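So this block is entry_13.csv, CSV, C-alpha atoms and all ligand atoms:
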```
chain,number,residue,atom,x,y,z
K,1,MET,CA,0.0,3.2,-7.0
K,2,THR,CA,0.8,1.1,-9.9
K,3,ALA,CA,1.1,-5.6,-13.5
K,4,GLY,CA,-1.7,-8.9,-15.8
K,5,ALA,CA,-3.3,-12.4,-15.8
K,6,ARG,CA,-4.7,-13.7,-12.5
K,7,ALA,CA,-1.4,-14.4,-10.7
K,8,ALA,CA,0.8,-11.6,-9.5
K,9,PRO,CA,4.0,-11.2,-11.6
K,10,GLU,CA,7.4,-12.4,-10.3
K,11,PRO,CA,8.7,-10.3,-7.4
K,12,GLU,CA,12.0,-9.5,-9.2
K,13,ARG,CA,10.0,-8.0,-12.1
K,14,VAL,CA,8.0,-5.9,-9.7
K,15,ARG,CA,11.0,-4.7,-7.8
K,16,THR,CA,12.9,-3.7,-10.9
K,17,MET,CA,9.8,-1.8,-12.1
K,18,PHE,CA,9.5,0.2,-8.9
K,19,ASP,CA,13.2,0.9,-8.9
K,20,GLY,CA,12.6,2.3,-12.4
K,21,ILE,CA,9.7,4.6,-11.6
K,22,ALA,CA,10.7,5.7,-8.1
K,23,GLY,CA,11.8,9.2,-9.0
K,24,ARG,CA,8.4,10.0,-10.6
K,25,TYR,CA,6.2,7.9,-8.4
K,26,ASP,CA,4.9,10.7,-6.2
K,27,LEU,CA,4.3,13.0,-9.1
K,28,MET,CA,2.3,10.2,-10.9
K,29,ASN,CA,0.2,9.6,-7.7
K,30,ASN,CA,-0.7,13.2,-7.6
K,31,ILE,CA,-1.7,13.3,-11.2
K,32,ILE,CA,-3.7,10.0,-11.4
K,33,SER,CA,-5.6,10.7,-8.1
K,34,ALA,CA,-5.8,14.5,-8.5
K,35,GLY,CA,-4.1,14.8,-5.2
K,36,ARG,CA,-6.8,12.6,-3.4
K,37,HIS,CA,-4.3,9.9,-2.3
K,38,HIS,CA,-3.2,12.1,0.6
K,39,ARG,CA,-6.7,12.0,2.0
K,40,TRP,CA,-7.1,8.3,1.5
K,41,ARG,CA,-3.8,7.7,3.4
K,42,GLN,CA,-5.0,9.9,6.3
K,43,LEU,CA,-8.2,7.7,6.5
K,44,ALA,CA,-6.0,4.5,6.4
K,45,ALA,CA,-3.8,5.9,9.2
K,46,ASP,CA,-6.9,6.8,11.2
K,47,ALA,CA,-8.1,3.1,10.7
K,48,ALA,CA,-4.8,2.0,12.3
K,49,ALA,CA,-6.2,3.3,15.6
K,50,ILE,CA,-2.9,4.5,17.0
K,51,GLY,CA,-2.0,7.4,19.2
K,52,PRO,CA,1.0,9.1,20.9
K,53,GLY,CA,3.7,6.7,22.1
K,54,MET,CA,2.5,3.7,20.1
K,55,SER,CA,4.3,1.8,17.4
K,56,ALA,CA,3.4,1.0,13.7
K,57,LEU,CA,4.8,-0.7,10.7
K,58,ASP,CA,4.0,0.2,7.1
K,59,VAL,CA,4.8,-2.6,4.6
K,60,CYS,CA,5.4,-2.0,0.9
K,61,CYS,CA,6.1,1.6,2.2
K,62,GLY,CA,7.4,2.9,-1.1
K,63,THR,CA,8.3,6.6,-0.9
K,64,GLY,CA,7.0,6.7,2.7
K,65,GLU,CA,3.8,8.7,2.5
K,66,MET,CA,1.7,6.2,4.7
K,67,ALA,CA,4.6,5.9,7.2
K,68,PHE,CA,4.7,9.7,7.6
K,69,ALA,CA,0.9,9.8,8.3
K,70,LEU,CA,1.5,7.1,11.0
K,71,ALA,CA,4.4,9.1,12.4
K,72,ASP,CA,2.2,12.1,12.8
K,73,ARG,CA,-0.2,10.0,15.0
K,74,VAL,CA,2.4,8.3,17.3
K,75,GLY,CA,4.4,11.5,17.8
K,76,PRO,CA,7.9,11.8,19.1
K,77,THR,CA,7.5,9.2,21.8
K,78,GLY,CA,6.2,6.6,19.3
K,79,ARG,CA,8.1,4.6,16.6
K,80,VAL,CA,7.3,3.9,13.0
K,81,PHE,CA,9.0,1.5,10.6
K,82,GLY,CA,8.7,1.3,6.9
K,83,VAL,CA,9.7,-1.9,4.9
K,84,ASP,CA,10.0,-2.2,1.1
K,85,PHE,CA,12.0,-4.4,-1.3
K,86,SER,CA,12.9,-1.5,-3.7
K,87,ARG,CA,16.1,0.3,-2.8
K,88,ARG,CA,15.2,3.3,-5.0
K,89,MET,CA,11.8,3.7,-3.4
K,90,LEU,CA,13.5,3.5,0.0
K,91,GLU,CA,16.1,6.1,-1.0
K,92,ILE,CA,13.4,8.6,-1.8
K,93,ALA,CA,11.5,7.8,1.4
K,94,ARG,CA,14.7,8.4,3.4
K,95,GLN,CA,15.4,11.7,1.6
K,96,LYS,CA,11.8,12.9,2.4
K,97,ALA,CA,12.1,11.8,6.0
K,98,ILE,CA,15.2,14.0,6.4
K,99,ARG,CA,13.5,17.0,4.7
K,100,GLN,CA,10.4,16.6,6.7
K,101,GLY,CA,12.1,15.8,10.0
K,102,ALA,CA,10.1,12.6,10.3
K,103,ALA,CA,11.4,10.0,12.7
K,104,VAL,CA,10.7,6.9,10.5
K,105,GLN,CA,13.1,4.0,10.2
K,106,PHE,CA,13.1,2.7,6.6
K,107,SER,CA,14.5,-0.8,5.9
K,108,LEU,CA,14.9,-3.2,3.0
K,109,GLY,CA,12.6,-6.3,3.4
K,110,ASP,CA,10.1,-8.6,1.9
K,111,ALA,CA,6.5,-8.1,3.0
K,112,SER,CA,5.7,-11.8,2.7
K,113,GLN,CA,8.6,-12.8,5.0
K,114,LEU,CA,9.1,-10.0,7.5
K,115,GLU,CA,12.3,-10.3,9.6
K,116,LEU,CA,10.5,-8.9,12.7
K,117,GLU,CA,9.5,-10.4,16.0
K,118,PRO,CA,5.9,-11.5,16.7
K,119,ASP,CA,3.6,-8.9,18.4
K,120,ALA,CA,6.2,-6.1,17.8
K,121,PHE,CA,3.8,-3.4,16.7
K,122,ASP,CA,0.4,-1.9,17.7
K,123,ALA,CA,-0.6,-1.7,14.1
K,124,CYS,CA,0.5,-2.6,10.6
K,125,THR,CA,-0.6,-0.9,7.3
K,126,VAL,CA,-0.1,-1.5,3.6
K,127,GLY,CA,-1.0,1.0,0.9
K,128,PHE,CA,-1.3,0.1,-2.8
K,129,GLY,CA,1.1,-2.8,-2.1
K,130,VAL,CA,-0.6,-6.2,-1.6
K,131,ARG,CA,-1.8,-6.1,-5.2
K,132,ASN,CA,1.8,-6.7,-6.3
K,133,ILE,CA,2.5,-9.7,-4.1
K,134,PRO,CA,1.7,-13.4,-4.9
K,135,GLY,CA,0.0,-15.2,-2.0
K,136,LEU,CA,-2.2,-12.5,-0.5
K,137,ALA,CA,-3.3,-14.5,2.5
K,138,GLY,CA,0.4,-15.0,3.4
K,139,VAL,CA,1.0,-11.3,3.5
K,140,PHE,CA,-1.9,-10.7,5.8
K,141,ALA,CA,-0.8,-13.6,8.0
K,142,GLU,CA,2.6,-11.9,8.3
K,143,MET,CA,1.0,-8.6,9.2
K,144,ASN,CA,-1.2,-10.3,11.8
K,145,ARG,CA,1.9,-12.0,13.2
K,146,VAL,CA,3.9,-8.8,13.8
K,147,VAL,CA,0.9,-7.0,15.4
K,148,ARG,CA,0.0,-7.6,19.1
K,149,PRO,CA,-3.4,-9.2,19.6
K,150,GLY,CA,-6.1,-6.5,19.3
K,151,GLY,CA,-3.9,-4.2,17.3
K,152,ARG,CA,-5.1,-3.1,13.8
K,153,VAL,CA,-4.0,-4.4,10.3
K,154,VAL,CA,-5.1,-2.0,7.6
K,155,CYS,CA,-5.1,-2.2,3.8
K,156,LEU,CA,-5.6,0.6,1.3
K,157,GLU,CA,-6.0,-0.6,-2.3
K,158,ILE,CA,-7.4,0.3,-5.7
K,159,THR,CA,-10.5,-1.7,-6.7
K,160,ARG,CA,-12.9,-1.7,-9.6
K,161,PRO,CA,-16.1,0.2,-9.1
K,162,ILE,CA,-19.2,-1.7,-10.1
K,163,ARG,CA,-21.7,1.2,-10.3
K,164,PRO,CA,-22.1,3.8,-13.1
K,165,PRO,CA,-20.8,6.5,-13.7
K,166,PHE,CA,-17.6,5.5,-11.8
K,167,ARG,CA,-17.4,2.2,-13.6
K,168,GLN,CA,-17.2,4.0,-17.0
K,169,PHE,CA,-14.9,6.7,-15.6
K,170,TYR,CA,-12.6,4.0,-14.2
K,171,ARG,CA,-12.4,2.3,-17.6
K,172,ILE,CA,-11.6,5.5,-19.5
K,173,TRP,CA,-9.2,6.8,-16.9
K,174,PHE,CA,-7.3,3.8,-15.5
K,175,ASP,CA,-7.4,1.5,-18.6
K,176,GLY,CA,-6.8,4.3,-21.1
K,177,VAL,CA,-5.5,7.7,-19.9
K,178,VAL,CA,-3.2,6.5,-17.0
K,179,PRO,CA,-1.1,4.0,-19.1
K,180,ALA,CA,-0.5,6.8,-21.7
K,181,LEU,CA,0.3,9.4,-19.0
K,182,GLY,CA,2.6,7.0,-17.2
K,183,ARG,CA,4.7,6.4,-20.4
K,184,ILE,CA,5.2,10.2,-20.7
K,185,VAL,CA,5.6,11.2,-17.0
K,186,SER,CA,7.4,8.1,-15.5
K,187,ARG,CA,9.3,7.4,-18.8
K,188,HIS,CA,8.6,3.7,-18.1
K,189,GLU,CA,7.1,1.8,-21.0
K,190,SER,CA,4.9,-0.7,-19.0
K,191,ALA,CA,4.6,0.3,-15.3
K,192,TYR,CA,1.3,2.1,-15.7
K,193,SER,CA,-0.3,-0.5,-18.0
K,194,TYR,CA,0.7,-2.8,-15.2
K,195,LEU,CA,-1.5,-0.8,-12.9
K,196,PRO,CA,-4.9,-1.5,-14.4
K,197,ALA,CA,-3.9,-5.1,-15.1
K,198,SER,CA,-3.0,-5.6,-11.5
K,199,VAL,CA,-6.3,-4.2,-10.3
K,200,ARG,CA,-8.2,-6.5,-12.8
K,201,ARG,CA,-6.8,-9.6,-11.1
K,202,PHE,CA,-7.1,-8.3,-7.6
K,203,PRO,CA,-10.0,-9.6,-5.5
K,204,ALA,CA,-13.2,-7.4,-5.0
K,205,ALA,CA,-13.6,-5.8,-1.6
K,206,ALA,CA,-15.8,-8.5,-0.1
K,207,GLU,CA,-13.4,-11.3,-1.3
K,208,LEU,CA,-10.5,-9.4,0.1
K,209,ALA,CA,-12.2,-9.2,3.5
K,210,ALA,CA,-12.7,-13.0,3.4
K,211,ILE,CA,-9.0,-13.5,2.6
K,212,MET,CA,-8.1,-11.2,5.6
K,213,ARG,CA,-10.3,-13.4,7.9
K,214,GLU,CA,-8.7,-16.5,6.5
K,215,ALA,CA,-5.3,-15.0,7.5
K,216,GLY,CA,-6.5,-14.9,11.1
K,217,LEU,CA,-7.8,-11.3,11.4
K,218,GLN,CA,-11.0,-10.6,13.3
K,219,GLN,CA,-13.7,-8.0,13.1
K,220,VAL,CA,-12.7,-7.3,9.5
K,221,GLY,CA,-14.5,-4.4,8.0
K,222,TYR,CA,-14.1,-2.2,4.9
K,223,ARG,CA,-15.4,0.9,3.3
K,224,LEU,CA,-15.3,2.1,-0.3
K,225,LEU,CA,-13.9,5.5,-1.2
K,226,ALA,CA,-13.9,7.7,-4.3
K,227,GLY,CA,-17.1,6.1,-5.7
K,228,GLY,CA,-15.7,2.6,-5.2
K,229,ILE,CA,-12.3,3.1,-6.9
K,230,ILE,CA,-10.5,2.8,-3.5
K,231,ALA,CA,-11.1,0.1,-0.8
K,232,LEU,CA,-10.0,0.6,2.8
K,233,HIS,CA,-10.0,-2.6,4.9
K,234,TRP,CA,-9.1,-3.2,8.5
K,235,GLY,CA,-9.1,-6.1,11.0
K,236,LYS,CA,-7.9,-6.9,14.5
K,237,ALA,CA,-4.8,-9.0,14.9
K,238,THR,CA,-5.1,-12.2,16.9
K,301,LIG,C1,2.4,1.0,-5.6
K,301,LIG,S1,3.7,1.1,-4.5
K,301,LIG,C2,3.0,1.7,-3.0
K,301,LIG,C3,3.9,2.5,-2.2
K,301,LIG,C4,3.3,3.1,-0.9
K,301,LIG,N1,2.8,2.2,0.0
K,301,LIG,C5,2.2,4.1,-1.3
K,301,LIG,O1,1.2,4.0,-0.7
K,301,LIG,O2,2.5,4.9,-2.2
K,301,LIG,C6,4.0,-0.6,-4.1
K,301,LIG,C7,5.3,-0.8,-3.3
K,301,LIG,O3,5.3,-2.1,-2.9
K,301,LIG,C8,6.7,-2.6,-2.9
K,301,LIG,N2,6.6,-4.0,-2.9
K,301,LIG,C9,6.0,-4.9,-3.8
K,301,LIG,N3,6.1,-6.2,-3.5
K,301,LIG,C10,6.8,-6.1,-2.3
K,301,LIG,C11,7.3,-7.2,-1.4
K,301,LIG,N4,7.0,-8.5,-1.6
K,301,LIG,N5,7.9,-6.8,-0.3
K,301,LIG,C12,8.2,-5.5,0.0
K,301,LIG,N6,7.8,-4.5,-0.8
K,301,LIG,C13,7.1,-4.8,-2.0
K,301,LIG,C14,7.2,-1.9,-4.2
K,301,LIG,O4,8.6,-1.9,-4.2
K,301,LIG,C15,6.6,-0.6,-4.1
K,301,LIG,O5,7.4,0.4,-3.4
```
Kindly return the structure encoded in the file as structure tokens.
Ligand SMILES: C[S@@+](CC[C@H](N)C(=O)[O-])C[C@H]1O[C@@H](n2cnc3c(N)ncnc32)[C@H](O)[C@@H]1O
Amino acid sequence: MTAGARAAPEPERVRTMFDGIAGRYDLMNNIISAGRHHRWRQLAADAAAIGPGMSALDVCCGTGEMAFALADRVGPTGRVFGVDFSRRMLEIARQKAIRQGAAVQFSLGDASQLELEPDAFDACTVGFGVRNIPGLAGVFAEMNRVVRPGGRVVCLEITRPIRPPFRQFYRIWFDGVVPALGRIVSRHESAYSYLPASVRRFPAAAELAAIMREAGLQQVGYRLLAGGIIALHWGKAT
């Protein structure tokens, strides 16, 4: 999970940043979410509504955690692809796939311009990824394009809680503690100050649902997790 102002930063800056923190990314996720991110990904994989023999794509796949959750659901007769534009994040994902015996194919690619055929998958997910990409509607339109009509598009993201005490907790934890921890653990000066800044400019859950509808998705729904710190959105491809 991990940049300021209203517009997302340049893709090249984002890519270099993720290359720089790849080796410590999983450890930082465990620390900043107290291990809860595994559960959130399981819920996102459930929302993809896939089963044995089906196919799924995870964009901005990073170190592969969401793709592995999808692979568990489609089983050995299904197929799962992971796409990311950071070579280092993909290297780690591939190493983990070998260690875990997970049949996931990881490829280098840009989520806003997927080099994949239309209707190629039963579902497409993105976890903590869209926040980093300029042109949110375009990313969801791409996800919609590569999923067959009726298949699910799912998004898991960090959002800003509006109710106390989570609002205060969020401010102390994400705006204060996480950037400091990130400098120590990831040994990267700015990546984890980028995190709260990127969440600040990211649309609220209802606004994100509207963007997904604009991108052509139907029956868009969402639920808030962890006291409103995490938003899980889904919609049906057309
Ligand atoms: C915060 S990480 C999330 C990784 C993973 N999905 C997870 O749940 O842990 C964001 C990932 O998105 C990738 N990313 C950002 N912009 C991208 C783009 N335009 N195309 C492909 N990958 C992108 C980064 O390289 C990084 O691996």
**Study point:** ligand LIG 301 (chain K) neighbours within 9 Å using only C-alpha atoms and all ligand atoms, as a VMD selection string
**Key:** chain K and resid 1 to 2 11 to 12 14 to 19 22 25 to 26 29 37 41 58 to 67 83 to 90 108 to 114 125 to 134 139 156 to 157 195
Go ahead and save the picked residues with C-alpha atoms, as a CSV table (one decimal), in the coordinates of the input.
```
chain,number,residue,atom,x,y,z
K,1,MET,CA,0.0,3.2,-7.0
K,2,THR,CA,0.8,1.1,-9.9
K,11,PRO,CA,8.7,-10.3,-7.4
K,12,GLU,CA,12.0,-9.5,-9.2
K,14,VAL,CA,8.0,-5.9,-9.7
K,15,ARG,CA,11.0,-4.7,-7.8
K,16,THR,CA,12.9,-3.7,-10.9
K,17,MET,CA,9.8,-1.8,-12.1
K,18,PHE,CA,9.5,0.2,-8.9
K,19,ASP,CA,13.2,0.9,-8.9
K,22,ALA,CA,10.7,5.7,-8.1
K,25,TYR,CA,6.2,7.9,-8.4
K,26,ASP,CA,4.9,10.7,-6.2
K,29,ASN,CA,0.2,9.6,-7.7
K,37,HIS,CA,-4.3,9.9,-2.3
K,41,ARG,CA,-3.8,7.7,3.4
K,58,ASP,CA,4.0,0.2,7.1
K,59,VAL,CA,4.8,-2.6,4.6
K,60,CYS,CA,5.4,-2.0,0.9
K,61,CYS,CA,6.1,1.6,2.2
K,62,GLY,CA,7.4,2.9,-1.1
K,63,THR,CA,8.3,6.6,-0.9
K,64,GLY,CA,7.0,6.7,2.7
K,65,GLU,CA,3.8,8.7,2.5
K,66,MET,CA,1.7,6.2,4.7
K,67,ALA,CA,4.6,5.9,7.2
K,83,VAL,CA,9.7,-1.9,4.9
K,84,ASP,CA,10.0,-2.2,1.1
K,85,PHE,CA,12.0,-4.4,-1.3
K,86,SER,CA,12.9,-1.5,-3.7
K,87,ARG,CA,16.1,0.3,-2.8
K,88,ARG,CA,15.2,3.3,-5.0
K,89,MET,CA,11.8,3.7,-3.4
K,90,LEU,CA,13.5,3.5,0.0
K,108,LEU,CA,14.9,-3.2,3.0
K,109,GLY,CA,12.6,-6.3,3.4
K,110,ASP,CA,10.1,-8.6,1.9
K,111,ALA,CA,6.5,-8.1,3.0
K,112,SER,CA,5.7,-11.8,2.7
K,113,GLN,CA,8.6,-12.8,5.0
K,114,LEU,CA,9.1,-10.0,7.5
K,125,THR,CA,-0.6,-0.9,7.3
K,126,VAL,CA,-0.1,-1.5,3.6
K,127,GLY,CA,-1.0,1.0,0.9
K,128,PHE,CA,-1.3,0.1,-2.8
K,129,GLY,CA,1.1,-2.8,-2.1
K,130,VAL,CA,-0.6,-6.2,-1.6
K,131,ARG,CA,-1.8,-6.1,-5.2
K,132,ASN,CA,1.8,-6.7,-6.3
K,133,ILE,CA,2.5,-9.7,-4.1
K,134,PRO,CA,1.7,-13.4,-4.9
K,139,VAL,CA,1.0,-11.3,3.5
K,156,LEU,CA,-5.6,0.6,1.3
K,157,GLU,CA,-6.0,-0.6,-2.3
K,195,LEU,CA,-1.5,-0.8,-12.9
```
Exercise for review: Identify which of the residues K:Arg171, K:Arg148, K:Arg24, K:Arg13 lies closest to K:Arg183, counting only C-alpha atoms when measuring atom-to-atom distances.
Suggested key: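 That would be K:Arg24, the residue with the smallest distance to K:Arg183.
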Review point. Contacts of stretch 218-230 of chain K at 9 Å or less, counting all atoms listed in the file, minus same-chain residues fewer than 4 places along, as a list in words?
Key: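 The filter keeps Arg36, Trp40, Gly150, Leu156, Glu157, Ile158, Thr159, Arg160, Pro161, Ile162, Arg163, Pro165, Phe166, Arg167, Tyr170, Ala205, Ala206, Ala209, Ala210, Met212, Arg213, Trp234, Gly235, Lys236, Ala237 and Thr238 of chain K.
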Review point. Stretch 74-78 of chain K: which residues within 10 Å, counting only C-alpha atoms, same-chain residues fewer than 5 positions away excluded, as a list in words?
Key: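 The residues satisfying every condition are Ile50, Gly51, Pro52, Gly53, Met54, Ser55, Ala56, Ala69, Ala102, Ala103 and Val104 of chain K.
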Exercise for review: Show which residues sit within 8 Å of K:Ala47, as a PyMOL selection string. Count all atoms listed in the file, and ignore same-chain residues fewer than 2 positions away.
Suggested key: chain K and resi 43-45+49+152+154+234
Dump C-alpha atoms for the selected residues as a short mmCIF file (atom, residue, chain, number, x, y, z; two decimals), in the coordinates of the input?
```
data_model
loop_
_atom_site.label_atom_id
_atom_site.label_comp_id
_atom_site.auth_asym_id
_atom_site.auth_seq_id
_atom_site.Cartn_x
_atom_site.Cartn_y
_atom_site.Cartn_z
CA LEU K 43 -8.20 7.70 6.50
CA ALA K 44 -6.00 4.50 6.40
CA ALA K 45 -3.80 5.90 9.20
CA ALA K 49 -6.20 3.30 15.60
CA ARG K 152 -5.10 -3.10 13.80
CA VAL K 154 -5.10 -2.00 7.60
CA TRP K 234 -9.10 -3.20 8.50
#
```
Exercise for review: Can you work out which one of K:Ala97, K:Gly23, K:Phe81, K:Phe202 has the shortest atom-to-atom distance to K:Arg187, counting all atoms listed in the file?
Suggested key: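 The closest residue to K:Arg187 is K:Gly23.
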Check your understanding: If you measure from atom CA of K:Val185 to atom CA of K:Ile21, what distance in Å do you get, rounded to one decimal?
Key ->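 It comes out at 9.5 Å.
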Exercise for review: Using atom CA of K:Ile32 and atom CA of K:Gly82 as the two end points, give the distance in Å to one decimal.
Suggested key: 23.8 Å
